$ cat start.txt   # compact mmCIF, C-alpha atoms
# COMPACT_ATOMS: atom_id res chain seq x y z
CA SER A 1 243.93 322.66 174.98
CA LYS A 2 242.16 322.48 178.31
CA ASP A 3 240.51 325.82 177.66
CA VAL A 4 238.25 324.26 175.04
CA GLY A 5 237.68 320.94 176.82
CA GLY A 6 240.79 318.98 175.81
CA LEU A 7 243.29 317.05 177.95
CA ALA A 8 246.45 318.73 176.58
CA LEU A 9 248.18 315.38 176.06
CA GLY A 10 251.48 315.04 174.24
CA GLN A 11 252.08 312.99 171.12
CA GLU A 12 253.81 310.18 173.01
CA VAL A 13 250.92 309.81 175.43
CA LEU A 14 248.37 309.88 172.60
CA GLY A 15 250.38 307.30 170.64
CA THR A 16 250.49 305.01 173.67
CA ILE A 17 246.73 305.41 174.23
CA PHE A 18 245.95 304.59 170.61
CA ALA A 19 248.29 301.56 170.64
CA CYS A 20 246.78 300.17 173.84
CA SER A 21 243.29 300.83 172.46
CA ALA A 22 244.16 298.79 169.37
CA VAL A 23 245.35 295.91 171.56
CA ILE A 24 242.10 295.99 173.57
CA ALA A 25 240.04 295.98 170.37
CA GLY A 26 242.14 293.13 168.92
CA VAL A 27 241.61 290.95 171.98
CA PHE A 28 237.88 291.64 171.93
CA MET A 29 237.62 290.81 168.23
CA SER A 30 239.45 287.54 168.80
CA VAL A 31 237.32 286.38 171.72
CA GLY A 32 234.45 288.73 172.55
CA ILE A 33 232.80 289.01 169.13
CA LYS A 34 232.26 285.24 168.89
CA LEU A 35 230.78 285.12 172.39
CA CYS A 36 228.46 288.07 171.71
CA THR A 37 227.17 286.77 168.40
CA GLN A 38 226.56 283.29 169.85
CA ARG A 39 224.78 284.73 172.88
CA PHE A 40 222.71 287.49 171.27
CA GLY A 41 222.78 286.70 167.54
CA LEU A 42 223.86 288.97 164.69
CA ARG A 43 220.87 291.30 164.87
CA MET A 44 221.01 292.04 168.58
CA SER A 45 224.82 292.11 168.65
CA ALA A 46 224.73 294.98 166.16
CA ALA A 47 222.00 296.69 168.19
CA TRP A 48 223.88 296.39 171.49
CA GLY A 49 227.13 297.49 169.86
CA ASN A 50 225.47 300.66 168.59
CA ILE A 51 223.91 301.38 172.00
CA VAL A 52 227.34 301.05 173.65
CA CYS A 53 228.78 303.47 171.09
CA VAL A 54 225.97 305.94 171.81
CA GLY A 55 226.73 305.97 175.53
CA LEU A 56 230.51 306.15 175.12
CA TYR A 57 230.41 308.98 172.58
CA VAL A 58 228.20 311.00 174.92
CA LEU A 59 230.68 310.49 177.78
CA LEU A 60 233.82 311.10 175.72
CA PRO A 61 233.76 314.96 175.75
CA PHE A 62 233.60 315.05 179.54
CA LEU A 63 236.71 312.99 180.32
CA THR A 64 239.36 314.58 182.49
CA ASN A 65 241.88 311.71 182.74
CA ALA A 66 244.06 309.93 180.18
CA TRP A 67 243.32 306.53 181.73
CA PHE A 68 239.61 307.03 181.24
CA LEU A 69 240.31 308.06 177.68
CA LEU A 70 242.26 304.83 177.13
CA VAL A 71 239.42 302.66 178.47
CA LEU A 72 236.69 304.50 176.55
CA HIS A 73 238.64 304.59 173.32
CA GLY A 74 239.32 300.84 173.51
CA ALA A 75 235.66 300.16 174.29
CA ILE A 76 234.51 302.30 171.35
CA ASN A 77 236.87 300.49 168.98
CA SER A 78 235.63 297.13 170.25
CA ALA A 79 231.97 298.12 169.92
CA CYS A 80 232.52 299.46 166.41
CA GLY A 81 234.26 296.20 165.49
CA LEU A 82 231.28 294.21 166.79
CA VAL A 83 228.90 296.36 164.76
CA GLY A 84 230.94 296.00 161.60
CA VAL A 85 231.32 292.22 161.85
CA SER A 86 227.61 291.78 162.66
CA TYR A 87 226.57 293.82 159.63
CA ILE A 88 228.90 291.95 157.28
CA ALA A 89 227.66 288.58 158.53
CA SER A 90 224.05 289.76 158.28
CA ILE A 91 224.56 290.78 154.65
CA ASN A 92 226.05 287.39 153.80
CA ALA A 93 223.14 285.65 155.54
CA ALA A 94 220.41 287.77 153.94
CA VAL A 95 221.72 287.91 150.36
CA GLY A 96 221.79 284.98 147.96
CA LYS A 97 225.07 283.54 146.72
CA GLY A 98 224.48 284.94 143.26
CA ASP A 99 224.16 288.51 144.56
CA ARG A 100 226.75 288.56 147.34
CA ALA A 101 229.57 289.77 145.11
CA LYS A 102 227.53 292.75 143.90
CA VAL A 103 226.24 293.69 147.34
CA ASN A 104 229.64 293.32 149.01
CA GLY A 105 231.18 295.38 146.22
CA VAL A 106 228.73 298.21 146.89
CA CYS A 107 229.38 297.94 150.64
CA VAL A 108 233.16 298.06 150.22
CA THR A 109 232.81 301.08 147.93
CA MET A 110 230.70 302.92 150.50
CA GLU A 111 233.13 301.91 153.26
CA SER A 112 236.09 303.28 151.31
CA LEU A 113 234.29 306.55 150.67
CA GLY A 114 233.36 306.79 154.34
CA LYS A 115 236.93 306.19 155.48
CA GLY A 116 238.15 308.93 153.17
CA ILE A 117 235.41 311.51 153.62
CA GLY A 118 234.48 310.80 157.26
CA PRO A 119 237.70 311.74 159.10
CA ALA A 120 238.28 314.81 156.92
CA SER A 121 234.73 316.14 157.33
CA ILE A 122 234.66 315.41 161.08
CA ALA A 123 238.00 317.18 161.59
CA ILE A 124 236.67 320.24 159.75
CA ALA A 125 233.44 320.16 161.76
CA PHE A 126 235.35 319.79 165.04
CA ALA A 127 237.63 322.73 164.25
CA TYR A 128 234.62 324.83 163.21
CA SER A 129 232.75 324.07 166.44
CA LEU A 130 235.78 325.00 168.56
CA GLN A 131 236.42 328.18 166.60
CA HIS A 132 232.87 329.49 166.75
CA TRP A 133 231.49 328.02 169.98
CA GLY A 134 234.59 327.39 172.06
CA TYR A 135 234.19 325.14 175.09
CA ALA A 136 230.43 324.87 174.59
CA GLY A 137 230.89 323.33 171.16
CA HIS A 138 233.71 320.90 171.84
CA GLY A 139 231.23 318.00 172.26
CA ALA A 140 229.10 318.70 169.16
CA VAL A 141 230.97 316.23 166.96
CA PHE A 142 230.78 313.47 169.58
CA PHE A 143 227.06 314.03 170.04
CA PHE A 144 226.60 313.84 166.28
CA MET A 145 228.42 310.49 166.23
CA ALA A 146 226.19 309.26 169.05
CA PHE A 147 223.14 310.29 167.00
CA LEU A 148 224.38 308.32 163.98
CA HIS A 149 224.83 305.20 166.09
CA LEU A 150 221.35 305.72 167.46
CA LEU A 151 220.02 305.59 163.91
CA LEU A 152 222.05 302.45 163.28
CA PHE A 153 220.56 300.94 166.44
CA ALA A 154 217.05 301.54 165.10
CA GLY A 155 218.06 300.09 161.74
CA SER A 156 219.52 296.99 163.41
CA LEU A 157 216.17 296.24 165.03
CA LEU A 158 214.57 296.26 161.58
CA LEU A 159 216.81 293.49 160.28
CA PRO A 160 215.08 290.14 159.58
CA GLN A 161 214.98 287.95 162.65
CA ASP A 162 215.73 284.77 160.72
CA ILE A 163 219.27 285.84 159.77
CA ASP A 164 220.40 284.42 163.12
CA SER A 165 218.88 280.96 162.73
CA GLY A 166 219.81 280.40 159.08
CA VAL A 167 216.19 279.77 158.07
CA ARG A 168 216.22 282.52 155.57
CA LYS A 169 217.51 281.27 152.22
CA PRO A 170 217.18 283.93 149.59
CA THR A 171 216.49 283.07 145.99
CA ASP A 172 219.53 281.95 144.03
CA GLU A 173 219.79 281.59 140.29
CA ALA A 174 220.85 277.98 140.68
CA SER A 175 218.01 277.08 143.06
CA PRO A 176 214.91 279.22 142.49
CA LYS A 177 212.44 279.47 145.33
CA LYS A 178 209.19 277.56 144.87
CA LEU A 179 205.89 279.31 145.42
CA PRO A 180 203.27 277.74 147.71
CA GLN A 181 200.98 277.27 144.71
CA GLN A 182 203.67 275.30 142.91
CA ASP A 183 204.15 273.09 145.95
CA GLU A 184 200.39 272.38 146.10
CA GLU A 185 200.32 271.52 142.38
CA GLU A 186 203.24 269.13 142.82
CA ASP A 187 201.49 267.46 145.77
CA ASP A 188 198.32 267.02 143.68
CA GLU A 189 200.34 265.48 140.85
CA ASP A 190 201.99 263.08 143.28
CA GLU A 191 198.60 262.02 144.66
CA GLU A 192 197.27 261.45 141.13
CA ASP A 193 200.31 259.34 140.28
CA GLU A 194 199.80 257.24 143.39
CA GLU A 195 196.10 256.72 142.62
CA GLU A 196 196.91 255.77 139.02
CA GLY A 197 199.52 253.30 140.25
CA ARG A 198 197.04 251.73 142.65
CA GLY A 199 194.46 251.57 139.82
CA ARG A 200 196.96 249.81 137.61
CA ARG A 201 197.80 247.32 140.31
CA GLY A 202 194.08 246.74 140.98
CA GLY A 203 193.37 246.37 137.24
CA GLY A 204 196.12 243.82 136.93
CA GLY A 205 194.59 241.79 139.76
CA ASN A 206 191.15 241.99 138.18
CA ALA A 207 192.62 240.97 134.84
CA GLY A 208 194.13 237.92 136.49
CA VAL A 209 190.84 237.02 138.10
CA GLY A 210 189.03 237.48 134.75
CA ALA A 211 191.50 235.22 132.99
CA ALA A 212 190.98 232.53 135.62
CA ASP A 213 187.21 232.83 135.18
CA VAL A 214 187.54 232.49 131.42
CA GLU A 215 189.66 229.37 131.77
CA ALA A 216 187.17 227.86 134.22
CA GLY A 217 184.32 228.66 131.81
CA LEU A 218 186.16 227.07 128.95
CA GLU A 219 186.75 223.93 131.01
CA LYS A 220 183.05 223.76 131.90
CA LYS A 221 182.10 224.23 128.27
CA GLY A 222 184.54 221.51 127.32
CA ASP A 223 183.01 219.17 129.89
CA ARG A 224 179.51 219.91 128.66
CA GLY A 225 180.62 219.41 125.06
CA ALA A 226 182.21 216.09 125.91
CA THR A 227 179.07 214.94 127.73
CA SER A 228 176.95 215.98 124.80
CA SER A 229 179.24 214.11 122.43
CA GLN A 230 179.07 211.02 124.58
CA SER A 231 175.28 211.25 124.77
CA SER A 232 175.06 211.69 121.02
CA ALA A 233 177.38 208.79 120.46
CA THR A 234 175.33 206.67 122.81
CA ALA A 235 172.14 207.69 121.08
CA ARG A 236 173.70 206.94 117.72
CA GLY A 237 174.90 203.64 119.04
CA ASP A 238 171.44 202.71 120.27
CA THR A 239 169.90 203.67 116.95
CA GLY A 240 172.46 201.62 115.08
CA ALA A 241 171.77 198.65 117.32
CA ALA A 242 168.05 198.98 116.70
CA SER A 243 168.62 199.19 112.96
CA ALA A 244 170.78 196.10 113.07
CA ALA A 245 168.08 194.25 114.96
CA VAL A 246 165.49 195.25 112.40
CA MET A 247 167.77 194.16 109.67
CA LYS A 248 168.26 190.84 111.43
CA THR A 249 164.55 190.27 112.12
CA GLY A 250 163.48 191.52 108.77
CA PRO A 251 164.33 188.35 106.79
CA ALA A 252 162.75 186.13 109.44
CA ALA A 253 159.60 188.13 109.38
CA ALA A 254 159.60 187.97 105.58
CA ALA A 255 160.11 184.23 105.69
CA ALA A 256 157.33 183.79 108.20
CA ALA A 257 155.03 185.84 106.02
CA ALA A 258 155.90 183.69 103.05
$ encode --input "start.txt" --output "structure tokens"
Amino acid sequence: SKDVGGLALGQEVLGTIFACSAVIAGVFMSVGIKLCTQRFGLRMSAAWGNIVCVGLYVLLPFLTNAWFLLVLHGAINSACGLVGVSYIASINAAVGKGDRAKVNGVCVTMESLGKGIGPASIAIAFAYSLQHWGYAGHGAVFFFMAFLHLLLFAGSLLLPQDIDSGVRKPTDEASPKKLPQQDEEEDDEDEEDEEEGRGRRGGGGNAGVGAADVEAGLEKKGDRGATSSQSSATARGDTGAASAAVMKTGPAAAAAAA
């Protein structure tokens, strides 16, 4: 009724408005959501979607034309679709693979409860505001919805900034996250292994040099031993020759003495 701020539209007109609004939202979800998320990221797309909803819900009670209602309703559906997709993608980016099923299950449960309780409670609140406040209260429900989206806008700004870049990789059961201390310990172990390997390679080289020195020493000793043997043999030979000479001269000397 126009007396309480309505447009007094018939069912056919409202059906057409809702159908066209669904088409507008479908086109935006097919094309616009991808462009928005690529341009602004998940976090800011959700924030901007909530801000758009805040402004449109504030304007909605003051419409006086069905065409304006069609445009605003389509824009609200599109903005709500952007918010929903951004939140779902943010959850998948912020939660590890091992916990996604649980978290998404809780989200779907809350969504189902909201879809059942939300429209019924809002309809009761809207009828109550019209019954008790008349024209002055016909925008209370829309202002309340704008306030909720304002809270969602503030919550969107508190989301981690790294959900857009993919840097954030939450801890999974299959791949536990390493602490900085563990990384430092592993680096120290790697350095110790490298030093030990270099020591082993250096020790092997020294061992080779030592073996060569030993062989050279043995050769020198062998040469000295051979020289000594030759000298001894020579000395023995000289002594033997002298003895033979004595033996040869001995009889002559004895004969001469006789």
$ atom_distance --input "start.txt" --atom1 "atom CA of A:Ser86" --atom2 "atom CA of A:Ser21"
20.6 Å
$ residues_around --input "start.txt" --residues "A:Thr37" --least-positions-apart "5" --cutoff "9 Å" --atoms "all atoms listed in the file" --output "VMD selection string"
chain A and resid 32 42 to 46 82 86 164
$ residues_near_point --input "start.txt" --point "(232.7, 311.6, 174.5)" --cutoff "7 Å" --atoms "all atoms listed in the file" --output "list in words"
Leu56, Tyr57, Val58, Leu59, Leu60, Pro61, Phe62, Gly139 and Phe142 of chain A
$ closest_residue --input "start.txt" --among "A:Val106, A:Leu7, A:Ala79, A:Leu14" --to "A:Ile51" --atoms "all atoms listed in the file"
A:Ala79
$ closest_residue --input "start.txt" --among "A:Gly137, A:Pro160, A:Gly81, A:Gly118" --to "A:Trp48" --atoms "only C-alpha atoms"
A:Gly81
$ closest_residue --input "start.txt" --among "A:Val54, A:Ile122, A:Val71, A:Leu63" --to "A:Ala19" --atoms "all atoms listed in the file"
A:Val71
$ atom_distance --input "start.txt" --atom1 "atom CA of A:Ala93" --atom2 "atom CA of A:Val27"
25.3 Å
$ closest_residue --input "start.txt" --among "A:Phe144, A:Gly49, A:Thr16, A:His73" --to "A:Cys36" --atoms "all atoms listed in the file"
A:Gly49
$ atom_distance --input "start.txt" --atom1 "atom CA of A:Ala127" --atom2 "atom CA of A:Thr64"
20.1 Å
